[in-house]
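What follows is the content of data-v3.txt, which has compact mmCIF, C-alpha atoms:
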```txt
# COMPACT_ATOMS: atom_id res chain seq x y z
CA MET A 18 -30.39 -3.79 -1.47
CA ALA A 19 -30.38 -7.58 -1.17
CA ARG A 20 -30.06 -9.50 -4.41
CA ARG A 21 -30.34 -13.20 -5.16
CA ALA A 22 -27.59 -14.78 -7.20
CA VAL A 23 -28.79 -16.11 -10.55
CA GLY A 24 -27.40 -16.81 -13.98
CA GLY A 25 -24.08 -18.12 -12.72
CA ALA A 26 -23.14 -14.96 -10.81
CA ARG A 27 -21.21 -15.88 -7.74
CA ALA A 28 -20.56 -14.22 -4.43
CA THR A 29 -16.93 -13.23 -4.25
CA GLY A 30 -16.84 -10.94 -1.25
CA GLY A 31 -15.97 -11.47 2.38
CA ALA A 32 -12.82 -13.07 3.69
CA ALA A 33 -12.73 -15.61 0.87
CA GLY A 34 -13.00 -12.82 -1.68
CA LYS A 35 -9.83 -11.03 -0.67
CA ALA A 36 -7.04 -10.91 -3.25
CA GLY A 37 -3.42 -10.16 -2.68
CA VAL A 38 -3.66 -10.57 1.10
CA ARG A 39 0.02 -11.10 1.82
CA ALA A 40 2.60 -9.46 3.98
CA GLY A 41 3.37 -5.97 2.74
CA ALA A 42 0.29 -5.49 0.57
CA LYS A 43 -3.28 -4.58 1.45
CA GLY A 44 -5.73 -6.88 -0.26
CA ALA A 45 -8.01 -5.79 -3.10
CA ARG A 46 -11.70 -6.22 -2.37
CA ARG A 47 -13.48 -8.22 -5.02
CA PRO A 48 -16.92 -7.22 -6.28
CA GLU A 49 -20.00 -8.67 -4.64
CA VAL A 50 -22.35 -9.23 -7.56
CA ARG A 51 -25.69 -10.89 -6.89
CA LEU A 52 -27.98 -10.42 -9.83
CA PRO A 53 -31.76 -10.34 -9.36
CA PRO A 54 -34.07 -12.24 -11.75
CA LEU A 55 -33.38 -10.69 -15.14
CA GLU A 56 -35.63 -9.73 -18.02
CA ALA A 57 -34.50 -10.55 -21.55
CA TYR A 58 -33.39 -7.58 -23.63
CA ARG A 59 -35.87 -7.08 -26.46
CA GLY A 60 -33.46 -5.58 -28.97
CA GLY A 61 -33.69 -2.29 -30.77
CA GLY A 62 -30.06 -1.26 -30.34
CA LEU A 63 -28.24 0.85 -27.82
CA GLU A 64 -29.24 4.45 -27.26
CA PRO A 65 -27.09 7.35 -26.03
CA ASP A 66 -27.86 8.01 -22.35
CA GLY A 67 -30.02 4.88 -22.30
CA ASP A 68 -31.10 3.38 -18.98
CA TYR A 69 -30.82 -0.42 -18.77
CA ASP A 70 -31.85 -2.02 -15.48
CA GLY A 71 -32.16 -5.70 -14.64
CA LEU A 72 -31.69 -6.93 -18.23
CA ARG A 73 -30.02 -9.94 -19.79
CA PHE A 74 -28.22 -9.24 -23.09
CA GLN A 75 -27.50 -12.54 -24.83
CA ASP A 76 -25.34 -12.75 -28.00
CA GLU A 77 -26.29 -9.24 -29.10
CA ASP A 78 -24.37 -7.51 -31.87
CA PHE A 79 -23.66 -3.94 -30.75
CA ALA A 80 -20.93 -3.32 -33.36
CA GLY A 81 -20.72 0.34 -34.31
CA GLN A 82 -23.61 1.38 -32.07
CA ASP A 83 -23.66 4.46 -29.83
CA GLY A 84 -24.47 3.90 -26.16
CA GLY A 85 -22.51 6.88 -24.87
CA GLY A 86 -23.57 7.92 -21.38
CA ALA A 87 -25.78 4.84 -20.93
CA ARG A 88 -26.32 3.22 -17.52
CA PHE A 89 -26.31 -0.54 -17.04
CA MET A 90 -27.39 -1.64 -13.56
CA ASP A 91 -27.96 -5.24 -12.41
CA CYS A 92 -27.34 -6.47 -15.96
CA ALA A 93 -25.75 -9.53 -17.54
CA LEU A 94 -24.10 -9.17 -20.95
CA THR A 95 -23.12 -12.54 -22.40
CA GLY A 96 -21.43 -13.26 -25.73
CA CYS A 97 -22.03 -9.76 -27.09
CA ALA A 98 -20.05 -8.19 -29.95
CA VAL A 99 -18.73 -4.70 -29.20
CA ASP A 100 -16.58 -3.85 -32.23
CA GLU A 101 -16.22 -0.05 -32.42
CA THR A 102 -19.11 0.29 -29.97
CA ARG A 103 -19.24 3.76 -28.41
CA LEU A 104 -19.82 3.56 -24.66
CA HIS A 105 -18.02 6.76 -23.74
CA HIS A 106 -18.94 7.90 -20.22
CA ALA A 107 -21.17 4.85 -19.70
CA ARG A 108 -21.80 3.39 -16.24
CA PHE A 109 -21.77 -0.32 -15.42
CA LEU A 110 -22.98 -1.05 -11.90
CA ASP A 111 -23.49 -4.43 -10.19
CA SER A 112 -23.20 -6.25 -13.52
CA VAL A 113 -21.53 -9.31 -15.06
CA LEU A 114 -19.97 -9.10 -18.54
CA THR A 115 -19.11 -12.54 -19.95
CA GLY A 116 -17.48 -13.43 -23.25
CA LEU A 117 -17.45 -9.93 -24.73
CA ARG A 118 -15.56 -9.73 -28.01
CA GLY A 119 -14.56 -6.87 -30.22
CA VAL A 120 -11.94 -4.37 -31.35
CA GLY A 121 -11.86 -0.63 -30.73
CA THR A 122 -14.54 -0.48 -28.03
CA ASP A 123 -14.76 3.06 -26.62
CA LEU A 124 -15.25 3.02 -22.84
CA ALA A 125 -13.33 6.23 -22.20
CA GLU A 126 -14.25 8.06 -18.98
CA SER A 127 -16.70 5.31 -18.10
CA THR A 128 -17.43 4.01 -14.59
CA LEU A 129 -17.32 0.33 -13.62
CA ARG A 130 -18.32 -0.43 -10.04
CA ASP A 131 -18.97 -3.91 -8.63
CA VAL A 132 -18.46 -5.53 -12.04
CA GLU A 133 -17.15 -8.90 -13.19
CA ILE A 134 -15.60 -9.15 -16.67
CA VAL A 135 -15.13 -12.81 -17.57
CA ASP A 136 -13.37 -14.39 -20.59
CA ALA A 137 -13.29 -11.22 -22.67
CA ARG A 138 -11.58 -11.23 -26.08
CA LEU A 139 -10.93 -7.59 -26.81
CA GLY A 140 -8.42 -5.41 -28.63
CA GLY A 141 -7.71 -1.70 -28.49
CA VAL A 142 -10.20 -1.03 -25.70
CA GLN A 143 -10.29 2.64 -24.73
CA LEU A 144 -10.66 2.99 -20.95
CA HIS A 145 -8.60 6.16 -20.57
CA GLY A 146 -9.89 8.41 -17.82
CA ALA A 147 -12.20 5.64 -16.58
CA VAL A 148 -12.96 4.79 -12.95
CA LEU A 149 -12.85 1.12 -11.93
CA GLU A 150 -13.84 0.20 -8.38
CA ARG A 151 -14.33 -3.33 -7.10
CA VAL A 152 -13.83 -4.93 -10.52
CA LEU A 153 -12.74 -8.48 -11.32
CA ILE A 154 -11.26 -9.17 -14.77
CA ARG A 155 -10.99 -12.96 -15.01
CA GLY A 156 -9.78 -15.05 -17.94
CA GLY A 157 -9.62 -14.06 -21.60
CA LYS A 158 -7.20 -11.79 -23.42
CA ILE A 159 -7.15 -8.03 -23.92
CA ASP A 160 -4.69 -6.50 -26.39
CA TYR A 161 -3.60 -2.84 -26.24
CA LEU A 162 -5.76 -1.94 -23.24
CA ASN A 163 -5.70 1.85 -22.81
CA LEU A 164 -6.03 2.80 -19.14
CA ARG A 165 -4.17 6.11 -19.35
CA LYS A 166 -5.10 8.45 -16.50
CA ALA A 167 -7.67 5.95 -15.25
CA ARG A 168 -8.35 5.33 -11.56
CA LEU A 169 -8.36 1.73 -10.37
CA ARG A 170 -9.27 0.85 -6.82
CA ASP A 171 -9.89 -2.69 -5.57
CA VAL A 172 -9.34 -4.28 -8.99
CA VAL A 173 -8.24 -7.88 -9.55
CA PHE A 174 -6.78 -9.21 -12.80
CA GLU A 175 -7.01 -13.00 -12.61
CA GLY A 176 -5.97 -15.64 -15.11
CA CYS A 177 -6.01 -13.21 -18.04
CA VAL A 178 -3.51 -12.06 -20.66
CA LEU A 179 -2.84 -8.32 -21.03
CA ALA A 180 -0.75 -7.59 -24.13
CA GLU A 181 0.87 -4.14 -24.11
CA PRO A 182 -1.47 -2.54 -21.58
CA ASP A 183 -1.01 1.23 -21.17
CA PHE A 184 -1.31 2.47 -17.58
CA GLY A 185 0.31 5.84 -18.33
CA GLY A 186 -0.57 8.42 -15.70
CA ALA A 187 -3.08 6.08 -14.04
CA ARG A 188 -3.62 5.70 -10.29
CA LEU A 189 -3.80 2.14 -8.99
CA GLU A 190 -4.76 1.42 -5.38
CA ARG A 191 -5.21 -2.08 -3.98
CA VAL A 192 -4.83 -3.79 -7.35
CA ALA A 193 -3.79 -7.44 -7.62
CA PHE A 194 -2.51 -9.51 -10.55
CA THR A 195 -3.12 -13.23 -10.02
CA ASP A 196 -2.03 -15.96 -12.45
CA CYS A 197 -2.11 -13.46 -15.29
CA THR A 198 0.36 -12.38 -17.96
CA LEU A 199 1.50 -8.78 -18.51
CA LYS A 200 3.42 -8.29 -21.75
CA GLY A 201 5.03 -4.97 -22.57
CA ALA A 202 3.23 -2.98 -19.86
CA ASP A 203 3.63 0.82 -19.96
CA LEU A 204 3.80 2.30 -16.45
CA THR A 205 4.91 5.78 -17.48
CA GLY A 206 3.81 8.30 -14.85
CA VAL A 207 1.74 5.73 -12.97
CA THR A 208 1.05 6.02 -9.23
CA LEU A 209 0.88 2.71 -7.34
CA THR A 210 -0.45 2.05 -3.85
CA ASP A 211 -0.63 -1.51 -2.49
CA VAL A 212 -0.32 -3.06 -5.93
CA ASP A 213 0.51 -6.77 -5.71
CA LEU A 214 2.34 -8.10 -8.76
CA ARG A 215 3.66 -11.24 -7.11
CA GLY A 216 0.95 -13.47 -8.53
CA ALA A 217 1.65 -12.51 -12.14
CA ALA A 218 2.73 -15.54 -14.15
CA GLU A 219 4.72 -13.25 -16.46
CA LEU A 220 5.72 -9.65 -15.81
CA GLU A 221 7.22 -7.63 -18.64
CA ILE A 222 7.53 -3.86 -18.27
CA ALA A 223 8.35 -1.95 -21.44
CA ARG A 224 8.41 1.54 -19.92
CA GLY A 225 8.12 3.15 -16.50
CA VAL A 226 9.94 0.56 -14.42
CA GLU A 227 11.09 3.44 -12.20
CA ARG A 228 7.43 3.92 -11.16
CA LEU A 229 7.22 0.61 -9.30
CA ARG A 230 7.28 2.38 -5.93
CA GLY A 231 4.16 1.24 -4.08
CA ALA A 232 4.15 -2.21 -5.69
CA VAL A 233 5.15 -5.59 -4.26
CA ILE A 234 7.07 -8.05 -6.42
CA SER A 235 8.60 -11.46 -5.78
CA PRO A 236 12.34 -12.22 -5.59
CA GLY A 237 12.10 -14.07 -8.90
CA GLN A 238 10.45 -11.09 -10.55
CA LEU A 239 13.19 -8.86 -9.20
CA LEU A 240 15.78 -11.02 -10.94
CA ASP A 241 13.78 -10.92 -14.17
CA LEU A 242 13.53 -7.13 -13.99
CA ALA A 243 17.19 -6.65 -13.04
CA PRO A 244 18.38 -5.80 -16.59
CA VAL A 245 15.63 -3.20 -17.02
CA LEU A 246 16.32 -1.72 -13.58
CA ALA A 247 20.05 -1.59 -14.27
CA ALA A 248 19.46 0.18 -17.57
CA GLU A 249 17.18 2.70 -15.86
CA LEU A 250 19.90 3.42 -13.28
CA GLY A 251 22.59 3.64 -15.96
CA VAL A 252 24.45 0.66 -14.51
CA ARG A 253 26.49 -1.54 -16.83
CA VAL A 254 26.57 -5.20 -15.89
CA GLU A 255 29.64 -7.01 -17.26
CA ALA A 256 31.39 -10.22 -16.32
CA GLU A 257 34.93 -10.04 -15.06
CA GLU A 258 37.60 -10.74 -17.63
```

Could you express the structure from this file as structure tokens?
Amino acid sequence: MARRAVGGARATGGAAGKAGVRAGAKGARRPEVRLPPLEAYRGGGLEPDGDYDGLRFQDEDFAGQDGGGARFMDCALTGCAVDETRLHHARFLDSVLTGLRGVGTDLAESTLRDVEIVDARLGGVQLHGAVLERVLIRGGKIDYLNLRKARLRDVVFEGCVLAEPDFGGARLERVAFTDCTLKGADLTGVTLTDVDLRGAAELEIARGVERLRGAVISPGQLLDLAPVLAAELGVRVEAEE
């Protein structure tokens, strides 16, 4: 279905929308989000299994509300508060989420497809068991992101800060990290396919460094990770006396 771009949504597909297209790594496809003319959300709060189509949510306070199982299609959420908001098993399709803020948002087992998340300020977000496909996470900071056993395909992290993200048991395919910071990442049990880490401004792996098979890193990152890799292999590195 053809959609006209409005409200600042931008086309990011095609050749110019490729991320991580470098030797040795297949590029992640960015989402192609073109929002139709949107109707303003009239309030009333989120509802479990609610159906939201073609709506603009502006500066709404959804703290503590229950939107479990809800579907958001062709929507724009801007400046909304999502503290302790329950969105378990929700679906976000062809939507743009800008300036979300909150702690403890429950998005477990949710689906995000063709979604842009821009300048989010979040902490303790639960995305375990979620499915992310053609998703761009650009700018902002997310602390303690829980992506355990999630499935990520064609996902780009760009210009954002991820503090202690947990990818335990997750499957990542065609995922790129561009100009972003990963601090204390947990890769325990992760499965990586065509994951490009070379663009990460800072790469710090707390656990699971042995699971980097399927990723591409730069020579500089290899040197930075050398102490962790040596420890994993049981190798002592000492200067000659």

Give me, as a PyMOL selection string, all polymer residues having an atom no more than 6 Å from Ile159 of chain A, counting all atoms listed in the file and skipping those fewer than 3 positions away in the same chain. chain A and resi 138-140+179

Name the residues in contact with Ala187 of chain A at a cut-off of 8 Å, using all atoms listed in the file, excluding same-chain residues fewer than 2 positions from it; report them as a VMD selection string. chain A and resid 164 to 169 184 to 185 189 206 to 208

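Atom CA of Arg88 of chain A to atom CA of Thr102 of chain A spans 14.7 Å [interatomic distance, one decimal].
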
A straight line from atom CA of Val50 of chain A to atom CA of Ser127 of chain A spans 18.8 Å

Which residues come within 9 Å of segment 144-157 of chain A, counting all atoms listed in the file, excluding same-chain residues fewer than 5 positions away, as number ranges by chain? A: 45-49, 105-106, 116, 122-139, 162-179, 184, 187, 197

Might you pull out every residue within 10 Å of segment 222-236 of chain A, with only C-alpha atoms counted and same-chain residues fewer than 5 positions away left off, and present them as a PDB file with C-alpha atoms, in the coordinates of the input?
```
ATOM      1  CA  GLY A  37      -3.420 -10.160  -2.680  1.00  0.00           C
ATOM      2  CA  ARG A  39       0.020 -11.100   1.820  1.00  0.00           C
ATOM      3  CA  ALA A  40       2.600  -9.460   3.980  1.00  0.00           C
ATOM      4  CA  GLY A  41       3.370  -5.970   2.740  1.00  0.00           C
ATOM      5  CA  ALA A  42       0.290  -5.490   0.570  1.00  0.00           C
ATOM      6  CA  GLU A 181       0.870  -4.140 -24.110  1.00  0.00           C
ATOM      7  CA  PRO A 182      -1.470  -2.540 -21.580  1.00  0.00           C
ATOM      8  CA  ASP A 183      -1.010   1.230 -21.170  1.00  0.00           C
ATOM      9  CA  PHE A 184      -1.310   2.470 -17.580  1.00  0.00           C
ATOM     10  CA  GLY A 185       0.310   5.840 -18.330  1.00  0.00           C
ATOM     11  CA  LEU A 189      -3.800   2.140  -8.990  1.00  0.00           C
ATOM     12  CA  GLU A 190      -4.760   1.420  -5.380  1.00  0.00           C
ATOM     13  CA  ARG A 191      -5.210  -2.080  -3.980  1.00  0.00           C
ATOM     14  CA  VAL A 192      -4.830  -3.790  -7.350  1.00  0.00           C
ATOM     15  CA  ALA A 193      -3.790  -7.440  -7.620  1.00  0.00           C
ATOM     16  CA  LEU A 199       1.500  -8.780 -18.510  1.00  0.00           C
ATOM     17  CA  LYS A 200       3.420  -8.290 -21.750  1.00  0.00           C
ATOM     18  CA  GLY A 201       5.030  -4.970 -22.570  1.00  0.00           C
ATOM     19  CA  ALA A 202       3.230  -2.980 -19.860  1.00  0.00           C
ATOM     20  CA  ASP A 203       3.630   0.820 -19.960  1.00  0.00           C
ATOM     21  CA  LEU A 204       3.800   2.300 -16.450  1.00  0.00           C
ATOM     22  CA  THR A 205       4.910   5.780 -17.480  1.00  0.00           C
ATOM     23  CA  GLY A 206       3.810   8.300 -14.850  1.00  0.00           C
ATOM     24  CA  VAL A 207       1.740   5.730 -12.970  1.00  0.00           C
ATOM     25  CA  THR A 208       1.050   6.020  -9.230  1.00  0.00           C
ATOM     26  CA  LEU A 209       0.880   2.710  -7.340  1.00  0.00           C
ATOM     27  CA  THR A 210      -0.450   2.050  -3.850  1.00  0.00           C
ATOM     28  CA  ASP A 211      -0.630  -1.510  -2.490  1.00  0.00           C
ATOM     29  CA  VAL A 212      -0.320  -3.060  -5.930  1.00  0.00           C
ATOM     30  CA  ASP A 213       0.510  -6.770  -5.710  1.00  0.00           C
ATOM     31  CA  LEU A 214       2.340  -8.100  -8.760  1.00  0.00           C
ATOM     32  CA  ARG A 215       3.660 -11.240  -7.110  1.00  0.00           C
ATOM     33  CA  GLY A 216       0.950 -13.470  -8.530  1.00  0.00           C
ATOM     34  CA  ALA A 217       1.650 -12.510 -12.140  1.00  0.00           C
ATOM     35  CA  ASP A 241      13.780 -10.920 -14.170  1.00  0.00           C
ATOM     36  CA  LEU A 242      13.530  -7.130 -13.990  1.00  0.00           C
ATOM     37  CA  VAL A 245      15.630  -3.200 -17.020  1.00  0.00           C
ATOM     38  CA  LEU A 246      16.320  -1.720 -13.580  1.00  0.00           C
ATOM     39  CA  GLU A 249      17.180   2.700 -15.860  1.00  0.00           C
ATOM     40  CA  LEU A 250      19.900   3.420 -13.280  1.00  0.00           C
TER      41      LEU A 250
END
```
